[in-house]
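This is query-v3.cif (mmCIF, C-alpha atoms; chains and numbers go by the auth columns).
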data_model
#
loop_
_atom_site.group_PDB
_atom_site.id
_atom_site.type_symbol
_atom_site.label_atom_id
_atom_site.label_comp_id
_atom_site.label_asym_id
_atom_site.label_seq_id
_atom_site.Cartn_x
_atom_site.Cartn_y
_atom_site.Cartn_z
_atom_site.B_iso_or_equiv
_atom_site.auth_seq_id
_atom_site.auth_asym_id
ATOM 1 C CA MET A 1 0.000 0.000 0.000 0.00 60 S
ATOM 2 C CA ASN A 2 1.271 3.426 -0.928 0.00 61 S
ATOM 3 C CA LEU A 3 1.082 5.505 2.266 0.00 62 S
ATOM 4 C CA ASP A 4 0.840 8.901 0.582 0.00 63 S
ATOM 5 C CA ASN A 5 -2.385 10.637 1.690 0.00 64 S
ATOM 6 C CA LYS A 6 -3.685 7.457 3.310 0.00 65 S
ATOM 7 C CA THR A 7 -5.354 7.704 6.731 0.00 66 S
ATOM 8 C CA ILE A 8 -3.953 5.547 9.525 0.00 67 S
ATOM 9 C CA VAL A 9 -5.395 5.181 13.030 0.00 68 S
ATOM 10 C CA ILE A 10 -2.894 4.575 15.846 0.00 69 S
ATOM 11 C CA THR A 11 -3.901 3.670 19.390 0.00 70 S
ATOM 12 C CA GLY A 12 -1.651 4.376 22.350 0.00 71 S
ATOM 13 C CA ALA A 13 -0.233 7.176 20.219 0.00 72 S
ATOM 14 C CA ALA A 14 0.714 9.678 22.907 0.00 73 S
ATOM 15 C CA ARG A 15 4.105 8.204 23.753 0.00 74 S
ATOM 16 C CA GLY A 16 6.492 5.298 23.327 0.00 75 S
ATOM 17 C CA LEU A 17 6.111 3.020 20.334 0.00 76 S
ATOM 18 C CA GLY A 18 2.813 4.596 19.299 0.00 77 S
ATOM 19 C CA LEU A 19 4.389 8.032 19.007 0.00 78 S
ATOM 20 C CA ALA A 20 7.443 6.637 17.193 0.00 79 S
ATOM 21 C CA ILE A 21 5.168 4.940 14.654 0.00 80 S
ATOM 22 C CA ALA A 22 3.131 8.126 14.248 0.00 81 S
ATOM 23 C CA GLU A 23 6.251 10.207 13.594 0.00 82 S
ATOM 24 C CA TRP A 24 7.576 7.658 11.082 0.00 83 S
ATOM 25 C CA LEU A 25 4.301 7.708 9.176 0.00 84 S
ATOM 26 C CA ALA A 26 3.972 11.502 9.404 0.00 85 S
ATOM 27 C CA LYS A 27 7.216 11.897 7.472 0.00 86 S
ATOM 28 C CA ARG A 28 5.746 9.823 4.644 0.00 87 S
ATOM 29 C CA GLY A 29 2.681 11.884 3.859 0.00 88 S
ATOM 30 C CA THR A 30 0.193 9.902 5.925 0.00 89 S
ATOM 31 C CA ASN A 31 -2.918 11.365 7.539 0.00 90 S
ATOM 32 C CA LEU A 32 -2.958 10.318 11.186 0.00 91 S
ATOM 33 C CA VAL A 33 -5.683 9.676 13.725 0.00 92 S
ATOM 34 C CA LEU A 34 -4.049 9.528 17.152 0.00 93 S
ATOM 35 C CA ILE A 35 -6.054 7.780 19.855 0.00 94 S
ATOM 36 C CA ASP A 36 -5.075 7.728 23.512 0.00 95 S
ATOM 37 C CA LEU A 37 -6.347 8.811 26.902 0.00 96 S
ATOM 38 C CA ASP A 38 -7.070 12.514 27.408 0.00 97 S
ATOM 39 C CA THR A 39 -3.617 13.734 28.436 0.00 98 S
ATOM 40 C CA PRO A 40 -1.396 16.662 27.389 0.00 99 S
ATOM 41 C CA GLU A 41 0.954 14.161 25.708 0.00 100 S
ATOM 42 C CA LEU A 42 -1.759 13.199 23.202 0.00 101 S
ATOM 43 C CA TYR A 43 -2.145 16.752 21.940 0.00 102 S
ATOM 44 C CA GLN A 44 1.611 17.243 21.919 0.00 103 S
ATOM 45 C CA ALA A 45 1.859 14.153 19.710 0.00 104 S
ATOM 46 C CA GLU A 46 -0.684 15.714 17.367 0.00 105 S
ATOM 47 C CA GLN A 47 1.415 18.877 17.084 0.00 106 S
ATOM 48 C CA THR A 48 4.586 16.841 16.571 0.00 107 S
ATOM 49 C CA CYS A 49 3.017 15.048 13.598 0.00 108 S
ATOM 50 C CA ILE A 50 1.666 18.266 12.136 0.00 109 S
ATOM 51 C CA ALA A 51 5.158 19.762 12.373 0.00 110 S
ATOM 52 C CA GLN A 52 6.358 16.824 10.251 0.00 111 S
ATOM 53 C CA GLY A 53 3.943 17.935 7.533 0.00 112 S
ATOM 54 C CA ALA A 54 1.132 15.470 8.215 0.00 113 S
ATOM 55 C CA GLN A 55 -2.537 16.067 8.779 0.00 114 S
ATOM 56 C CA ALA A 56 -3.213 14.778 12.291 0.00 115 S
ATOM 57 C CA LEU A 57 -6.257 14.476 14.527 0.00 116 S
ATOM 58 C CA ALA A 58 -5.955 13.689 18.245 0.00 117 S
ATOM 59 C CA LEU A 59 -8.959 11.844 19.651 0.00 118 S
ATOM 60 C CA ALA A 60 -9.183 11.154 23.375 0.00 119 S
ATOM 61 C CA ALA A 61 -10.740 7.743 23.907 0.00 120 S
ATOM 62 C CA ASP A 62 -10.513 4.751 26.224 0.00 121 S
ATOM 63 C CA VAL A 63 -9.973 1.678 24.046 0.00 122 S
ATOM 64 C CA THR A 64 -11.792 -0.472 26.611 0.00 123 S
ATOM 65 C CA SER A 65 -15.021 1.471 26.024 0.00 124 S
ATOM 66 C CA GLU A 66 -17.164 0.229 23.140 0.00 125 S
ATOM 67 C CA THR A 67 -18.949 3.583 22.902 0.00 126 S
ATOM 68 C CA GLU A 68 -15.778 5.686 22.946 0.00 127 S
ATOM 69 C CA VAL A 69 -14.065 3.533 20.327 0.00 128 S
ATOM 70 C CA ALA A 70 -17.103 3.642 18.029 0.00 129 S
ATOM 71 C CA ASN A 71 -17.359 7.418 18.433 0.00 130 S
ATOM 72 C CA ALA A 72 -13.642 7.912 17.739 0.00 131 S
ATOM 73 C CA VAL A 73 -13.750 5.853 14.540 0.00 132 S
ATOM 74 C CA SER A 74 -16.882 7.720 13.452 0.00 133 S
ATOM 75 C CA ARG A 75 -15.172 11.075 14.030 0.00 134 S
ATOM 76 C CA ALA A 76 -12.086 9.926 12.142 0.00 135 S
ATOM 77 C CA THR A 77 -14.235 8.875 9.203 0.00 136 S
ATOM 78 C CA ASP A 78 -16.089 12.191 9.255 0.00 137 S
ATOM 79 C CA GLU A 79 -12.786 14.084 9.238 0.00 138 S
ATOM 80 C CA PHE A 80 -10.833 12.125 6.629 0.00 139 S
ATOM 81 C CA GLY A 81 -13.354 9.975 4.787 0.00 140 S
ATOM 82 C CA SER A 82 -12.052 6.459 4.221 0.00 141 S
ATOM 83 C CA LEU A 83 -9.696 4.826 6.702 0.00 142 S
ATOM 84 C CA HIS A 84 -6.825 2.797 5.275 0.00 143 S
ATOM 85 C CA GLY A 85 -4.988 1.432 8.282 0.00 144 S
ATOM 86 C CA LEU A 86 -5.004 0.713 11.994 0.00 145 S
ATOM 87 C CA VAL A 87 -2.065 0.151 14.326 0.00 146 S
ATOM 88 C CA ASN A 88 -3.446 -1.499 17.461 0.00 147 S
ATOM 89 C CA ASN A 89 -0.667 -0.388 19.804 0.00 148 S
ATOM 90 C CA ALA A 90 -2.340 0.560 23.101 0.00 149 S
ATOM 91 C CA GLY A 91 -1.265 -1.711 25.930 0.00 150 S
ATOM 92 C CA ILE A 92 -0.414 -1.844 29.624 0.00 151 S
ATOM 93 C CA LEU A 93 1.614 -3.998 32.017 0.00 152 S
ATOM 94 C CA ARG A 94 0.525 -5.213 35.460 0.00 153 S
ATOM 95 C CA ASP A 95 3.217 -7.759 36.199 0.00 154 S
ATOM 96 C CA GLY A 96 3.049 -10.194 39.074 0.00 155 S
ATOM 97 C CA LEU A 97 3.532 -13.850 39.941 0.00 156 S
ATOM 98 C CA LEU A 98 0.468 -16.070 39.760 0.00 157 S
ATOM 99 C CA VAL A 99 1.080 -17.160 43.356 0.00 158 S
ATOM 100 C CA LYS A 100 3.729 -16.088 45.857 0.00 159 S
ATOM 101 C CA ALA A 101 4.734 -18.529 48.569 0.00 160 S
ATOM 102 C CA ARG A 102 7.409 -18.958 51.213 0.00 161 S
ATOM 103 C CA ASP A 103 8.188 -22.183 53.036 0.00 162 S
ATOM 104 C CA GLY A 104 5.069 -23.786 51.611 0.00 163 S
ATOM 105 C CA GLU A 105 2.793 -20.961 52.732 0.00 164 S
ATOM 106 C CA VAL A 106 0.977 -18.850 50.153 0.00 165 S
ATOM 107 C CA THR A 107 1.642 -15.168 50.812 0.00 166 S
ATOM 108 C CA ASP A 108 -0.031 -13.535 47.825 0.00 167 S
ATOM 109 C CA ARG A 109 -1.977 -14.181 44.622 0.00 168 S
ATOM 110 C CA LEU A 110 -2.224 -12.304 41.346 0.00 169 S
ATOM 111 C CA SER A 111 -5.359 -10.235 41.796 0.00 170 S
ATOM 112 C CA LEU A 112 -8.341 -10.433 39.494 0.00 171 S
ATOM 113 C CA GLU A 113 -8.191 -6.635 39.250 0.00 172 S
ATOM 114 C CA GLN A 114 -4.631 -6.744 37.883 0.00 173 S
ATOM 115 C CA TRP A 115 -5.542 -9.538 35.481 0.00 174 S
ATOM 116 C CA GLN A 116 -8.701 -7.866 34.201 0.00 175 S
ATOM 117 C CA ALA A 117 -7.097 -4.465 33.661 0.00 176 S
ATOM 118 C CA VAL A 118 -4.559 -5.967 31.256 0.00 177 S
ATOM 119 C CA ILE A 119 -7.169 -8.109 29.493 0.00 178 S
ATOM 120 C CA ASP A 120 -9.409 -5.075 29.015 0.00 179 S
ATOM 121 C CA VAL A 121 -6.768 -2.858 27.394 0.00 180 S
ATOM 122 C CA ASN A 122 -4.506 -5.335 25.615 0.00 181 S
ATOM 123 C CA LEU A 123 -7.101 -7.745 24.267 0.00 182 S
ATOM 124 C CA THR A 124 -10.593 -6.252 24.430 0.00 183 S
ATOM 125 C CA GLY A 125 -9.215 -2.904 23.244 0.00 184 S
ATOM 126 C CA VAL A 126 -7.618 -4.572 20.229 0.00 185 S
ATOM 127 C CA PHE A 127 -10.876 -6.365 19.478 0.00 186 S
ATOM 128 C CA LEU A 128 -13.014 -3.212 19.702 0.00 187 S
ATOM 129 C CA CYS A 129 -10.676 -1.046 17.608 0.00 188 S
ATOM 130 C CA GLY A 130 -10.134 -3.785 15.042 0.00 189 S
ATOM 131 C CA ARG A 131 -13.842 -4.433 14.699 0.00 190 S
ATOM 132 C CA GLU A 132 -14.812 -0.786 14.258 0.00 191 S
ATOM 133 C CA VAL A 133 -12.025 0.066 11.805 0.00 192 S
ATOM 134 C CA ALA A 134 -12.648 -3.109 9.792 0.00 193 S
ATOM 135 C CA ALA A 135 -16.335 -2.234 9.557 0.00 194 S
ATOM 136 C CA SER A 136 -15.438 1.262 8.369 0.00 195 S
ATOM 137 C CA MET A 137 -13.038 -0.118 5.742 0.00 196 S
ATOM 138 C CA ILE A 138 -15.626 -2.568 4.449 0.00 197 S
ATOM 139 C CA ALA A 139 -18.286 0.139 4.235 0.00 198 S
ATOM 140 C CA SER A 140 -15.992 2.443 2.256 0.00 199 S
ATOM 141 C CA GLY A 141 -14.273 -0.292 0.231 0.00 200 S
ATOM 142 C CA SER A 142 -10.900 1.153 1.214 0.00 201 S
ATOM 143 C CA GLN A 143 -9.084 -2.230 1.349 0.00 202 S
ATOM 144 C CA GLY A 144 -6.724 -1.316 4.151 0.00 203 S
ATOM 145 C CA VAL A 145 -4.361 -2.931 6.633 0.00 204 S
ATOM 146 C CA ILE A 146 -4.732 -3.753 10.334 0.00 205 S
ATOM 147 C CA ILE A 147 -1.500 -4.186 12.304 0.00 206 S
ATOM 148 C CA ASN A 148 -1.660 -5.564 15.837 0.00 207 S
ATOM 149 C CA MET A 149 1.203 -5.189 18.299 0.00 208 S
ATOM 150 C CA SER A 150 1.940 -8.528 19.925 0.00 209 S
ATOM 151 C CA SER A 151 5.126 -9.305 21.868 0.00 210 S
ATOM 152 C CA LEU A 152 7.935 -11.776 22.304 0.00 211 S
ATOM 153 C CA ALA A 153 6.225 -12.482 25.644 0.00 212 S
ATOM 154 C CA ARG A 154 3.331 -14.180 23.832 0.00 213 S
ATOM 155 C CA THR A 155 5.136 -17.493 24.299 0.00 214 S
ATOM 156 C CA GLY A 156 5.094 -16.996 28.066 0.00 215 S
ATOM 157 C CA ASN A 157 7.311 -14.973 30.386 0.00 216 S
ATOM 158 C CA PHE A 158 8.045 -15.165 34.097 0.00 217 S
ATOM 159 C CA GLY A 159 5.761 -12.886 36.119 0.00 218 S
ATOM 160 C CA GLN A 160 3.633 -11.902 33.129 0.00 219 S
ATOM 161 C CA SER A 161 0.578 -14.164 33.177 0.00 220 S
ATOM 162 C CA SER A 162 -1.811 -11.442 32.052 0.00 221 S
ATOM 163 C CA TYR A 163 0.506 -9.718 29.572 0.00 222 S
ATOM 164 C CA SER A 164 1.656 -12.951 27.943 0.00 223 S
ATOM 165 C CA ALA A 165 -1.915 -14.228 27.677 0.00 224 S
ATOM 166 C CA THR A 166 -3.104 -11.039 25.982 0.00 225 S
ATOM 167 C CA LYS A 167 -0.214 -10.937 23.519 0.00 226 S
ATOM 168 C CA ALA A 168 -0.833 -14.563 22.581 0.00 227 S
ATOM 169 C CA GLY A 169 -4.478 -13.646 22.109 0.00 228 S
ATOM 170 C CA VAL A 170 -3.517 -10.701 19.905 0.00 229 S
ATOM 171 C CA ALA A 171 -1.451 -13.029 17.706 0.00 230 S
ATOM 172 C CA ALA A 172 -4.433 -15.393 17.383 0.00 231 S
ATOM 173 C CA LEU A 173 -6.762 -12.518 16.514 0.00 232 S
ATOM 174 C CA THR A 174 -4.305 -11.388 13.864 0.00 233 S
ATOM 175 C CA MET A 175 -4.333 -14.730 12.074 0.00 234 S
ATOM 176 C CA THR A 176 -8.099 -15.063 12.435 0.00 235 S
ATOM 177 C CA TRP A 177 -8.802 -11.620 11.003 0.00 236 S
ATOM 178 C CA ALA A 178 -6.358 -12.196 8.141 0.00 237 S
ATOM 179 C CA LYS A 179 -8.513 -15.139 7.065 0.00 238 S
ATOM 180 C CA GLU A 180 -11.855 -13.429 7.626 0.00 239 S
ATOM 181 C CA LEU A 181 -11.081 -10.026 6.099 0.00 240 S
ATOM 182 C CA ALA A 182 -9.029 -10.997 3.046 0.00 241 S
ATOM 183 C CA ARG A 183 -12.176 -11.292 0.931 0.00 242 S
ATOM 184 C CA PHE A 184 -12.748 -7.565 1.502 0.00 243 S
ATOM 185 C CA GLY A 185 -9.208 -6.709 0.430 0.00 244 S
ATOM 186 C CA ILE A 186 -8.128 -6.078 4.033 0.00 245 S
ATOM 187 C CA ARG A 187 -4.830 -7.494 5.266 0.00 246 S
ATOM 188 C CA CYS A 188 -4.035 -8.139 8.918 0.00 247 S
ATOM 189 C CA ALA A 189 -0.599 -8.781 10.378 0.00 248 S
ATOM 190 C CA GLY A 190 1.336 -8.197 13.574 0.00 249 S
ATOM 191 C CA VAL A 191 4.643 -7.124 15.052 0.00 250 S
ATOM 192 C CA ALA A 192 6.141 -8.860 18.096 0.00 251 S
ATOM 193 C CA PRO A 193 8.799 -6.609 19.640 0.00 252 S
ATOM 194 C CA GLY A 194 11.373 -7.870 22.097 0.00 253 S
ATOM 195 C CA VAL A 195 12.968 -5.466 24.564 0.00 254 S
ATOM 196 C CA ILE A 196 12.769 -1.928 23.193 0.00 255 S
ATOM 197 C CA GLU A 197 14.208 1.356 24.458 0.00 256 S
ATOM 198 C CA THR A 198 11.142 3.043 25.910 0.00 257 S
ATOM 199 C CA ASP A 199 10.572 5.211 28.990 0.00 258 S
ATOM 200 C CA MET A 200 9.915 2.037 30.987 0.00 259 S
ATOM 201 C CA THR A 201 13.158 0.256 30.077 0.00 260 S
ATOM 202 C CA LEU A 202 15.214 3.445 30.280 0.00 261 S
ATOM 203 C CA ALA A 203 13.954 3.943 33.848 0.00 262 S
ATOM 204 C CA MET A 204 15.342 0.568 34.955 0.00 263 S
ATOM 205 C CA LYS A 205 18.333 0.439 37.257 0.00 264 S
ATOM 206 C CA SER A 206 21.581 0.207 35.301 0.00 265 S
ATOM 207 C CA ALA A 207 22.401 -3.256 36.657 0.00 266 S
ATOM 208 C CA ALA A 208 18.990 -4.597 35.636 0.00 267 S
ATOM 209 C CA ARG A 209 19.316 -3.030 32.188 0.00 268 S
ATOM 210 C CA ALA A 210 22.759 -4.538 31.721 0.00 269 S
ATOM 211 C CA LYS A 211 21.532 -8.002 32.714 0.00 270 S
ATOM 212 C CA LEU A 212 18.592 -7.776 30.348 0.00 271 S
ATOM 213 C CA THR A 213 20.691 -6.482 27.479 0.00 272 S
ATOM 214 C CA SER A 214 23.302 -9.222 27.949 0.00 273 S
ATOM 215 C CA ALA A 215 20.643 -11.834 27.131 0.00 274 S
ATOM 216 C CA ILE A 216 20.056 -10.296 23.692 0.00 275 S
ATOM 217 C CA PRO A 217 22.402 -11.752 21.039 0.00 276 S
ATOM 218 C CA LEU A 218 22.866 -8.315 19.491 0.00 277 S
ATOM 219 C CA GLN A 219 23.787 -6.966 22.944 0.00 278 S
ATOM 220 C CA ARG A 220 21.443 -3.996 22.729 0.00 279 S
ATOM 221 C CA MET A 221 17.786 -3.139 23.026 0.00 280 S
ATOM 222 C CA GLY A 222 15.773 -2.325 19.950 0.00 281 S
ATOM 223 C CA ARG A 223 14.970 1.262 19.038 0.00 282 S
ATOM 224 C CA PRO A 224 11.417 2.566 18.618 0.00 283 S
ATOM 225 C CA ASP A 225 12.204 3.683 15.066 0.00 284 S
ATOM 226 C CA GLU A 226 13.130 0.074 14.203 0.00 285 S
ATOM 227 C CA ILE A 227 9.661 -1.040 15.276 0.00 286 S
ATOM 228 C CA ALA A 228 8.157 1.826 13.308 0.00 287 S
ATOM 229 C CA SER A 229 9.987 0.809 10.143 0.00 288 S
ATOM 230 C CA ALA A 230 8.736 -2.774 10.617 0.00 289 S
ATOM 231 C CA VAL A 231 5.197 -1.416 10.711 0.00 290 S
ATOM 232 C CA GLY A 232 5.995 0.513 7.549 0.00 291 S
ATOM 233 C CA PHE A 233 7.211 -2.679 5.869 0.00 292 S
ATOM 234 C CA ILE A 234 3.902 -4.419 6.582 0.00 293 S
ATOM 235 C CA PHE A 235 1.927 -1.524 5.160 0.00 294 S
ATOM 236 C CA ALA A 236 4.111 -1.468 2.038 0.00 295 S
ATOM 237 C CA ASN A 237 4.250 -5.199 1.296 0.00 296 S
ATOM 238 C CA ASP A 238 0.886 -6.219 -0.143 0.00 297 S
ATOM 239 C CA TYR A 239 1.607 -9.947 0.268 0.00 298 S
ATOM 240 C CA PHE A 240 2.364 -9.861 3.976 0.00 299 S
ATOM 241 C CA ASN A 241 -0.747 -11.205 5.667 0.00 300 S
ATOM 242 C CA GLY A 242 -1.686 -13.331 8.671 0.00 301 S
ATOM 243 C CA ARG A 243 1.832 -13.424 10.080 0.00 302 S
ATOM 244 C CA ILE A 244 3.627 -11.970 13.097 0.00 303 S
ATOM 245 C CA LEU A 245 6.880 -10.185 12.332 0.00 304 S
ATOM 246 C CA GLU A 246 9.294 -10.836 15.217 0.00 305 S
ATOM 247 C CA LEU A 247 11.721 -8.021 15.993 0.00 306 S
ATOM 248 C CA ASP A 248 13.679 -9.018 19.070 0.00 307 S
ATOM 249 C CA GLY A 249 17.393 -9.063 18.246 0.00 308 S
ATOM 250 C CA GLY A 250 17.363 -12.852 18.567 0.00 309 S
ATOM 251 C CA LEU A 251 16.201 -12.855 22.205 0.00 310 S
ATOM 252 C CA THR A 252 14.202 -15.800 23.487 0.00 311 S
ATOM 253 C CA PHE A 253 12.475 -16.076 26.861 0.00 312 S
#

Would you encode the structure as structure tokens?
Amino acid sequence: MNLDNKTIVITGAARGLGLAIAEWLAKRGTNLVLIDLDTPELYQAEQTCIAQGAQALALAADVTSETEVANAVSRATDEFGSLHGLVNNAGILRDGLLVKARDGEVTDRLSLEQWQAVIDVNLTGVFLCGREVAASMIASGSQGVIINMSSLARTGNFGQSSYSATKAGVAALTMTWAKELARFGIRCAGVAPGVIETDMTLAMKSAARAKLTSAIPLQRMGRPDEIASAVGFIFANDYFNGRILELDGGLTF
């Protein structure tokens, strides 16, 4: 797909990988719909993309809310007409062991609240945004692309029951939608990042960062712009469909 003057929706666009993807696309003549919670960072992201020469629209919405997602997609369609892409990037972490125990005595359990919060954003949010954008694409005949952000953790990672489960679910949704939506000319694929330089990883203690980095064969974390260019590859390659592109420097959990 040629990105020039196409309209792409990005969730979790206010910071981190979402913002990096938005900036990468802005430099390539793409119209951008930036969805995130109502924070100053969202509107700063909008201005950053506009400064790159793109048309950009910031829409405050909670991806866990069916009504807010539907309204945001409706507003995006009203503003730009047809939608041509979605990057389902919004996600959260609530790490914790399933059960903590000492000397055979259980001291703590992963709470249902922690579990549900991650499921709501990382999985239900992807479902709601994917459904609404796909419906919009079908109605307009725009034959676009849906890209879901999975993770290396989808195979399972210590202390990440909820996160790993959602990212495995995102990968399954990706392959399911690729089969269901192909007849409408809509492709669906995913990106599974490993450890990337974001505010979260940069805030780690130096010893913890060094230990984590040493496990990566390339001996460094990935950069947000490398994830962004992978997203760009999927948009550009019209035969890439139903697959998860792993970008992890060779790291395995």

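Shortest atom-to-atom contact with Met234 of chain S among S:Leu271, S:Leu261, S:Ala85, S:Ile205: S:Ile205, counting all atoms listed in the file.
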
Evaluate the PyMOL selection byres ((chain S and resi 309) around 12) on the structure here and hand back the selected residues as JSON, numbers by chain. {"S": [211, 251, 252, 253, 254, 272, 273, 274, 275, 276, 277, 278, 279, 280, 281, 305, 306, 307, 308, 310, 311, 312]}

Running the PyMOL selection byres ((chain S and resi 217) around 9) on this model by hand, what would come out? Give it as a VMD selection string. chain S and resid 155 to 156 215 to 216 218 to 220 312

(-7.1, -7.9, 8.9) in this file's frame - what residues fall within 12 Å of it? Use only C-alpha atoms and give the answer as a VMD selection string. chain S and resid 143 to 147 185 to 186 188 to 194 196 to 197 202 to 207 229 to 249 293 to 294 299 to 302

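With atom CA of Val92 of chain S on one side and atom CA of Thr66 of chain S on the other, the separation reads 7.3 Å.
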
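You will find atom CA of Arg134 of chain S at 13.3 Å from atom CA of Ile67 of chain S.
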
Pick from S:Leu187, S:Leu304, S:Leu96, S:Ala113, whichever lies nearest to Asp63 of chain S using all atoms listed in the file: S:Ala113

Quick check on the file I pasted: which residues fall under the PyMOL selection byres ((chain S and resi 72-76) around 6)? Write them as a VMD selection string. chain S and resid 69 to 71 77 to 79 93 to 95 100 to 101 104 257 283

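We find atom CA of Asn90 of chain S and atom CA of Arg282 of chain S to be spaced 23.5 Å apart.
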
Can you tell me which residues surround Asn130 of chain S at a distance of at most 9 Å, considering all atoms listed in the file, apart from same-chain residues fewer than 5 positions away, and format the answer as a PyMOL selection string? chain S and resi 120+125+135

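A distance cut-off of 6 Å around (2.9, -10.9, 22.0), counting all atoms listed in the file, selects these protein and nucleic acid residues: S:Ser209, S:Ser210, S:Leu211, S:Ala212, S:Arg213, S:Lys226, S:Ala227, S:Ala251.
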
If the box runs along x, y and z of the file and leaves 4 Å on each side of segment 271-274 of chain S, what are its centre and edge lengths in Å, one decimal, as AutoDock Vina command-line options?
--center_x 20.9 --center_y -9.2 --center_z 28.7 --size_x 12.7 --size_y 13.4 --size_z 11.2

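For the choices S:Ala269, S:Ala289, S:Gly200, S:Ser221, the atom-to-atom distance to Glu172 of chain S is smallest for S:Ser221 when using all atoms listed in the file.
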
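Contact shell of Ala110 of chain S at 12 Å (all atoms listed in the file; same-chain neighbours under 3 positions omitted): Ala81, Glu82, Ala85, Lys86, Gly88, Gln103, Ala104, Glu105, Gln106, Thr107, Ala113, Gln114 and Ala115 of chain S.
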
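Nearest to Val68 of chain S of all the residues S:Gln111, S:Ser170, S:Thr260, S:Asn148 is S:Asn148, based on all atoms listed in the file.
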
Report as a compact mmCIF listing (two decimals) with C-alpha atoms, in the coordinates of the input all protein, DNA and RNA residues lying within 10 Å of Ser133 of chain S, evaluated on all atoms listed in the file, omitting residues in the same chain fewer than 4 positions from it.
# COMPACT_ATOMS: atom_id res chain seq x y z
CA GLU S 127 -15.78 5.69 22.95
CA VAL S 128 -14.06 3.53 20.33
CA ALA S 129 -17.10 3.64 18.03
CA ASP S 137 -16.09 12.19 9.26
CA GLU S 138 -12.79 14.08 9.24
CA GLY S 140 -13.35 9.98 4.79
CA GLU S 191 -14.81 -0.79 14.26
CA VAL S 192 -12.02 0.07 11.80
CA SER S 195 -15.44 1.26 8.37

Between S:Val177, S:Ala119, S:Leu84, S:Ala198, which is the closest to Pro99 of chain S once you count only C-alpha atoms? S:Ala119

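Distance annotation: of S:Cys108, S:Glu256, S:Ser199, S:Asn181, the residue with the minimal separation from Thr136 of chain S is S:Ser199; atom set is all atoms listed in the file.
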